[in-house]
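Chemist: Contents are compact mmCIF, C-alpha atoms; file name model.txt:
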# COMPACT_ATOMS: atom_id res chain seq x y z
CA MET A 1 -95.00 55.50 26.02
CA LEU A 2 -93.97 54.99 22.42
CA THR A 3 -91.95 51.77 22.23
CA VAL A 4 -90.20 50.78 19.02
CA LEU A 5 -88.46 47.45 18.60
CA VAL A 6 -85.64 47.25 16.05
CA VAL A 7 -85.20 43.57 15.29
CA ASN A 8 -83.97 41.00 12.81
CA SER A 9 -82.66 37.56 13.69
CA LYS A 10 -79.86 38.03 11.14
CA GLY A 11 -76.75 39.74 12.49
CA GLY A 12 -75.21 42.58 10.51
CA SER A 13 -78.52 44.07 9.38
CA GLY A 14 -77.76 47.44 10.96
CA LYS A 15 -80.08 47.32 13.97
CA THR A 16 -77.87 49.50 16.14
CA THR A 17 -77.57 52.21 13.47
CA LEU A 18 -81.36 52.43 13.36
CA THR A 19 -81.74 52.24 17.14
CA THR A 20 -79.31 55.06 17.84
CA ASN A 21 -80.66 57.36 15.13
CA ILE A 22 -84.28 56.85 16.15
CA ALA A 23 -83.38 57.52 19.78
CA SER A 24 -81.37 60.63 18.97
CA PHE A 25 -84.22 61.99 16.82
CA TYR A 26 -86.68 61.85 19.71
CA ALA A 27 -84.14 63.07 22.25
CA ASP A 28 -83.53 66.07 19.99
CA LYS A 29 -87.28 66.75 20.24
CA LYS A 30 -86.72 67.00 24.02
CA LEU A 31 -88.71 63.84 24.72
CA LYS A 32 -87.48 61.65 27.56
CA THR A 33 -85.84 58.86 25.60
CA ALA A 34 -84.27 55.54 26.57
CA ILE A 35 -82.55 52.65 24.81
CA LEU A 36 -83.07 49.12 26.10
CA ASP A 37 -80.20 47.04 24.73
CA TYR A 38 -80.78 43.28 24.65
CA ASP A 39 -77.71 42.59 22.53
CA PRO A 40 -74.83 40.98 24.49
CA GLN A 41 -72.39 43.03 22.39
CA GLY A 42 -73.94 46.17 23.88
CA SER A 43 -73.28 48.32 20.81
CA SER A 44 -76.04 50.83 21.63
CA LEU A 45 -74.72 51.21 25.18
CA GLN A 46 -71.19 51.71 23.86
CA TRP A 47 -72.60 54.45 21.64
CA LEU A 48 -74.22 56.08 24.66
CA SER A 49 -70.97 55.88 26.63
CA VAL A 50 -69.29 58.31 24.19
CA ARG A 51 -72.33 60.54 23.65
CA PRO A 52 -71.29 64.19 24.16
CA VAL A 53 -72.68 65.76 27.32
CA HIS A 54 -73.99 68.83 25.50
CA LEU A 55 -76.49 66.72 23.52
CA HIS A 56 -79.94 65.85 24.83
CA PRO A 57 -79.59 62.90 27.22
CA ILE A 58 -80.69 59.35 26.44
CA HIS A 59 -81.02 56.78 29.22
CA GLY A 60 -79.26 53.47 28.58
CA ALA A 61 -80.55 50.18 30.01
CA ASN A 62 -78.79 46.83 29.69
CA ALA A 63 -81.24 43.95 29.23
CA ALA A 64 -78.70 41.38 28.07
CA PRO A 65 -78.38 38.41 30.45
CA ALA A 66 -75.18 38.23 32.47
CA LYS A 67 -72.68 35.74 31.06
CA GLY A 68 -73.47 32.17 32.06
CA THR A 69 -76.99 33.00 33.26
CA SER A 70 -80.43 33.74 31.88
CA LEU A 71 -81.02 36.53 34.40
CA ARG A 72 -81.48 40.14 33.38
CA SER A 73 -79.12 42.72 34.80
CA ILE A 74 -80.40 45.15 37.43
CA ASN A 75 -79.26 47.73 34.88
CA ALA A 76 -82.30 46.86 32.73
CA TRP A 77 -84.34 49.45 34.65
CA VAL A 78 -86.02 52.14 32.52
CA PRO A 79 -87.27 55.36 34.18
CA ASP A 80 -91.04 55.51 34.72
CA ASP A 81 -91.30 58.88 32.98
CA THR A 82 -89.73 57.62 29.74
CA GLU A 83 -91.70 58.88 26.74
CA VAL A 84 -89.88 57.01 23.96
CA LEU A 85 -88.23 53.61 24.40
CA VAL A 86 -86.13 52.12 21.60
CA ILE A 87 -85.27 48.43 21.95
CA ASP A 88 -82.14 47.08 20.27
CA ALA A 89 -82.81 43.35 19.88
CA PRO A 90 -80.08 40.71 19.74
CA ALA A 91 -79.35 38.63 16.66
CA GLY A 92 -81.07 35.26 16.80
CA ALA A 93 -84.01 36.44 18.92
CA ALA A 94 -86.53 33.59 19.03
CA GLY A 95 -88.97 31.72 21.27
CA LEU A 96 -89.76 33.26 24.65
CA LEU A 97 -87.38 36.16 24.14
CA LEU A 98 -89.07 37.08 20.87
CA LYS A 99 -92.46 36.97 22.61
CA GLU A 100 -91.13 39.22 25.36
CA LEU A 101 -89.82 41.75 22.84
CA VAL A 102 -93.05 41.81 20.83
CA ARG A 103 -95.12 42.22 23.99
CA LYS A 104 -93.21 45.38 24.90
CA ALA A 105 -93.51 47.07 21.49
CA ASN A 106 -96.00 49.40 19.81
CA PHE A 107 -93.95 49.46 16.60
CA ILE A 108 -91.52 46.98 15.07
CA VAL A 109 -88.95 48.03 12.48
CA ILE A 110 -87.14 45.26 10.62
CA PRO A 111 -83.95 46.32 8.79
CA VAL A 112 -82.84 44.08 5.92
CA ALA A 113 -79.49 44.24 4.12
CA PRO A 114 -79.29 43.58 0.36
CA SER A 115 -77.94 40.05 0.15
CA PRO A 116 -79.56 36.68 -0.68
CA ILE A 117 -78.58 35.35 2.75
CA ASP A 118 -80.24 38.28 4.53
CA ILE A 119 -83.38 38.00 2.41
CA LYS A 120 -83.79 34.29 3.15
CA ALA A 121 -83.07 34.72 6.87
CA THR A 122 -85.54 37.62 7.11
CA ALA A 123 -88.30 35.67 5.36
CA ASN A 124 -87.97 32.92 7.97
CA PHE A 125 -87.72 35.43 10.80
CA ILE A 126 -90.91 37.25 9.83
CA LYS A 127 -92.80 33.95 9.96
CA ASP A 128 -91.48 33.40 13.49
CA LEU A 129 -92.27 36.99 14.45
CA LEU A 130 -95.90 36.64 13.38
CA LEU A 131 -96.54 33.13 14.66
CA VAL A 132 -94.08 32.33 17.47
CA GLY A 133 -93.59 35.92 18.61
CA GLY A 134 -97.32 36.59 18.62
CA ALA A 135 -97.15 39.70 16.42
CA HIS A 136 -99.91 38.31 14.20
CA SER A 137 -102.47 38.46 17.01
CA SER A 138 -101.24 41.65 18.68
CA LYS A 139 -101.89 45.29 17.81
CA VAL A 140 -98.22 46.00 17.13
CA LYS A 141 -97.47 47.72 13.82
CA ILE A 142 -94.68 46.23 11.71
CA ALA A 143 -92.66 47.72 8.87
CA VAL A 144 -89.48 46.91 6.96
CA VAL A 145 -86.61 49.06 5.72
CA ALA A 146 -83.77 48.34 3.33
CA ASN A 147 -80.52 49.03 5.16
CA ARG A 148 -76.85 49.41 4.25
CA VAL A 149 -77.68 50.04 0.61
CA SER A 150 -74.58 50.95 -1.39
CA SER A 151 -76.42 51.31 -4.71
CA ARG A 152 -80.02 50.94 -5.83
CA SER A 153 -78.94 49.69 -9.25
CA THR A 154 -77.31 46.45 -8.08
CA THR A 155 -78.92 43.08 -8.68
CA ALA A 156 -78.87 42.44 -4.92
CA TYR A 157 -80.83 45.62 -4.17
CA VAL A 158 -83.38 44.96 -6.89
CA ALA A 159 -83.95 41.49 -5.41
CA LEU A 160 -84.24 42.98 -1.91
CA GLU A 161 -86.75 45.60 -3.03
CA ARG A 162 -88.85 42.97 -4.78
CA PHE A 163 -88.78 40.83 -1.63
CA LEU A 164 -89.76 43.71 0.68
CA TYR A 165 -92.71 44.71 -1.48
CA SER A 166 -93.86 41.08 -1.54
CA LEU A 167 -94.20 40.96 2.26
CA LYS A 168 -97.39 43.03 2.36
CA LEU A 169 -95.86 45.06 5.16
CA PRO A 170 -95.11 48.77 4.89
CA PHE A 171 -91.75 49.24 3.12
CA LEU A 172 -90.73 52.57 4.54
CA THR A 173 -87.39 53.59 3.13
CA SER A 174 -83.95 52.64 1.85
CA ILE A 175 -81.05 53.65 4.08
CA SER A 176 -77.70 54.13 2.38
CA ASP A 177 -74.35 52.74 3.41
CA SER A 178 -73.20 56.28 4.15
CA ASP A 179 -70.03 57.23 5.99
CA LYS A 180 -72.11 59.78 7.91
CA TYR A 181 -73.75 56.95 9.87
CA VAL A 182 -70.34 55.48 10.70
CA GLN A 183 -69.08 58.90 11.78
CA ALA A 184 -72.17 59.46 13.94
CA VAL A 185 -71.89 56.11 15.72
CA GLY A 186 -68.22 56.70 16.49
CA ASN A 187 -69.03 60.07 18.05
CA GLY A 188 -72.04 58.98 20.09
CA GLU A 189 -74.34 60.99 17.83
CA GLY A 190 -77.21 60.43 15.45
CA VAL A 191 -77.36 62.20 12.12
CA PHE A 192 -80.03 64.50 13.63
CA ASP A 193 -77.37 65.71 16.08
CA MET A 194 -74.96 66.59 13.29
CA ASP A 195 -74.83 69.56 10.93
CA GLU A 196 -78.16 69.65 9.09
CA ALA A 197 -76.74 70.64 5.72
CA ALA A 198 -74.12 67.89 5.83
CA THR A 199 -76.63 65.17 6.75
CA SER A 200 -79.69 66.24 4.75
CA ALA A 201 -79.70 63.05 2.63
CA GLU A 202 -79.43 60.79 5.68
CA ARG A 203 -82.17 62.70 7.50
CA GLN A 204 -84.48 62.32 4.50
CA GLU A 205 -83.81 58.57 4.46
CA LEU A 206 -84.78 58.18 8.10
CA MET A 207 -87.79 60.51 8.27
CA PRO A 208 -90.29 58.02 6.73
CA ILE A 209 -89.73 55.81 9.80
CA MET A 210 -90.52 58.66 12.19
CA LYS A 211 -93.56 59.74 10.16
CA TRP A 212 -94.89 56.16 10.10
CA MET A 213 -94.65 55.95 13.88
CA GLN A 214 -96.45 59.28 14.13
CA GLY A 215 -99.33 57.92 12.08
CA HIS A 216 -98.53 59.46 8.69
Mind turning the file's structure into structure tokens?
Modeler:
Amino acid sequence: MLTVLVVNSKGGSGKTTLTTNIASFYADKKLKTAILDYDPQGSSLQWLSVRPVHLHPIHGANAAPAKGTSLRSINAWVPDDTEVLVIDAPAGAAGLLLKELVRKANFIVIPVAPSPIDIKATANFIKDLLLVGGAHSSKVKIAVVANRVSSRSTTAYVALERFLYSLKLPFLTSISDSDKYVQAVGNGEGVFDMDEAATSAERQELMPIMKWMQGH
């Protein structure tokens, strides 16, 4: 089973946008796909709840602890025949939870938004991911993407790009702050479910992630 973890300890980095679009890409390929949502906000599960019935199905599993407990919901079950599992991690993932997430994954994608606060938070998170989370000693493959990019000419983006290249991790792509992603999320779709001509730019932005996971 291909298992991809979308994670960053910083909230607002666009994890759910990546999670839902990766999942919809593989579902469109007719692979048995599931989303395991660890985020208490349940954004990925909300997306699934409005997903049109005519689209290829995606199983939704809720791994967020019930309020007031540390226990996982019985709804965290993922079918045994799942071929692609996409994990939407919560903001602030650390310690034992981070170890659990890393242990499940074959691939880790870290989205980073172009702001000084996000850059600093991500730098600290990657240290935790490698050392505390155990990614340094595991066989998991890790890559970063720039996310929610409004313009590549801004000072903030230039600083983000410089930071991402300095990490010595694969820097896969820059994902724009496009209204198409907002439209897709609201409709329970990914851009790969939408009209191909209307979403060609967004598809091109996302494809380096899929190709990386396929070994290209």
Chemist: Mind working out the centre and edge lengths of an axis-aligned box for segment 184-199 of chain A, all listed atoms inside, 4 Å added to each side, rounded to one decimal in Å and written as AutoDock Vina command-line options?
Modeler:
--center_x -74.1 --center_y 63.4 --center_z 12.9 --size_x 19.8 --size_y 22.5 --size_z 22.4
Chemist: In terms of the shortest atom-to-atom distance over only C-alpha atoms, which of A:Asp28, A:Asp193, A:Asp118, A:Asp37 is closest to Thr16 of chain A?
Modeler: A:Asp37
Chemist: Go through segment 67-142 of chain A residue by residue and, counting all atoms listed in the file, keep those with an atom at most 10 Å from segment 163-167 of chain A; for each kept residue give the shortest atom pair and its distance in Å to one decimal, ordered by chain and increasing number, as JSON lines.
Modeler:
{"residue": "A:Val112", "atom": "CA", "partner": "A:Leu164", "partner_atom": "CA", "distance": 8.7}
{"residue": "A:Ile119", "atom": "CA", "partner": "A:Phe163", "partner_atom": "CA", "distance": 7.3}
{"residue": "A:Lys120", "atom": "CA", "partner": "A:Phe163", "partner_atom": "CA", "distance": 9.5}
{"residue": "A:Thr122", "atom": "CA", "partner": "A:Leu164", "partner_atom": "CA", "distance": 9.8}
{"residue": "A:Ala123", "atom": "CA", "partner": "A:Leu167", "partner_atom": "CA", "distance": 8.5}
{"residue": "A:Ile126", "atom": "CA", "partner": "A:Leu167", "partner_atom": "CA", "distance": 9.0}
Chemist: Contacts of Ala27 of chain A at 10 Å or less, counting all atoms listed in the file, minus same-chain residues fewer than 4 places along, as a list of chain:residue names?
Modeler: A:Asn21, A:Ile22, A:Ala23, A:Leu31, A:Lys32, A:Thr33, A:Ala34, A:Leu55, A:His56, A:Pro57, A:Ile58, A:His59, A:Glu83, A:Val84, A:Phe192, A:Asp193
Chemist: Pick the closest to Met207 of chain A from A:Lys180, A:Lys141, A:Ala93, A:Leu18: which is it, counting only C-alpha atoms?
Modeler: A:Leu18
Chemist: Around (-80.6, 38.2, 17.2), as given in the file, which residues come within 8 Å? Count all atoms listed in the file and list them as a PyMOL selection string.
Modeler: chain A and resi 7-11+39+89-94
Chemist: For Ser44 of chain A, list every protein, DNA or RNA residue within 8 Å, evaluated using all atoms listed in the file, and leave out those in the same chain fewer than 3 positions away; present the list as a ChimeraX atom specification.
Modeler: /A:16,19-20,35,37,47-48,88
Chemist: Counting only C-alpha atoms, what is within 12 Å of Glu161 of chain A, bar same-chain residues fewer than 4 positions away, as a list in words?
Modeler: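 Contacts, with the query itself left out: Val112, Ala113, Pro114, Ser115, Pro116, Ile119, Val144, Val145, Ala146, Asn147, Val149, Ser151, Arg152, Ser153, Thr154, Thr155, Ala156, Tyr157, Tyr165, Ser166, Leu167, Pro170, Phe171, Leu172, Thr173 and Ser174 of chain A.
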Chemist: Which value, in Å to one decimal, gives the distance between atom CA of Ala61 of chain A and atom CA of Asn75 of chain A?
Modeler: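 That distance, rounded to one decimal, is 5.6 Å.
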Chemist: For Leu96 of chain A, work out the shell of residues within 10 Å, counting only C-alpha atoms and skipping chain neighbours fewer than 6 positions away, then give it as a ChimeraX atom specification.
Modeler: /A:102,132-133
Chemist: Interatomic distance between atom CA of Lys99 of chain A and atom CA of Arg148 of chain A?
Modeler: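 Between atom CA of Lys99 of chain A and atom CA of Arg148 of chain A the gap is 27.1 Å.
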